[in-house]
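Inspection log for the structure reproduced underneath, given as structure tokens.
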Amino acid sequence: MGNFRQKMRVAGCSELRVNARTSGSTSSKRLKKARKSEVNFLPDFPEGKAQSDLEIERSAMVSEMKKRKVDWKQIGEMMSNTFPLRRKEIVEDEPLVTQVKDRWPALFSERQIEAEFARLTSVDLKGSFFAGLDQYLAKFLELYKAKNGIVDLTRLMRCLNDDATDDEDTFTRGMKVGVVMVKDGEDIIDTSVVLEEAVILSDLKDIPRAFALLMGLLFALNIDYPKELRYTFEVIQKVLMNIGGGQCSSLVHGFRNRLLRKTM
């Protein structure tokens, strides 16, 4: 197996090449490998294309995004073509979310979050999320209310009143990953996704959509699940969305079994 991996590195396989550099250095950085059951984690550049070629296309994508009327079909083609360059930057360089947003603004549109998730997993983001909600929501909430300690949605969400005067830096402070709701009385009038203490997406229609897009961004940006929320996200990914369910921790596996018993 070692000889096979060496031959693949010589042939230019991206994932093995970057891990050869990591494991051979004195750095404490972890191996760059898929951690959320991605099937297309670190693809090679297309045959006949160099990094400079993809960089030219990336620059064209940024220019297109600045237009008053964006050609989303063209954006989709550009984002598909530059996927290997984007993954190389995100996986190898581990940039801040704001830096990724500057270089890849189209990635933070709803349609491209869905497209990137499909490129990475071959799974429909909203389709898998909403199908899981339809199947499990009632029993999911029942187990959540039982305060089992596995799914802690309250730590993922913050709620503001419409008359709140705090600026964005104040209400996102300390929030590495989460969803913020703005309410007018009992009505939710805005929902936003927060990453690294900054609002990344806003004006979302509802909470389920916000959670689905949050999951999509965590995959697209190669962000680890926060340690204190690991099981919450594992339940959403592996139970609700049925992605990588065969690799559940014993705690999440037990939760899934209880959930399945309640839906039978």
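Residues in the structure tokens are named by chain (A, B, ... in the order shown) and by number from 1 within that chain; ligands are numbered from 1 in the order shown.
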Closest contacts (stretch 97-201 of chain A/stretch 64-88 of chain A, max 8 Å, only C-alpha atoms) as a tab-separated table:
```
residue	atom	partner	partner_atom	distance
A:Pro105	CA	A:Met65	CA	7.2
A:Ala106	CA	A:Met65	CA	6.8
A:Leu107	CA	A:Met79	CA	7.9
A:Gln112	CA	A:Gly76	CA	7.3
```
- Message: So that I can see what lies close to stretch 156-159 of chain A, please list as JSON, numbers by chain the residues with an atom at most 12 Å from it, counting only C-alpha atoms and leaving out residues fewer than 2 positions away in the same chain.
- Response: {"A": [151, 152, 153, 154, 161, 162, 163, 164, 171, 172, 173, 174, 175, 176, 177, 178, 179, 180, 181, 182, 183, 184, 185, 186, 187, 188, 189, 190, 191, 192, 193, 194, 195, 207, 210, 211, 214, 225, 226, 228, 229, 230, 232, 233]}
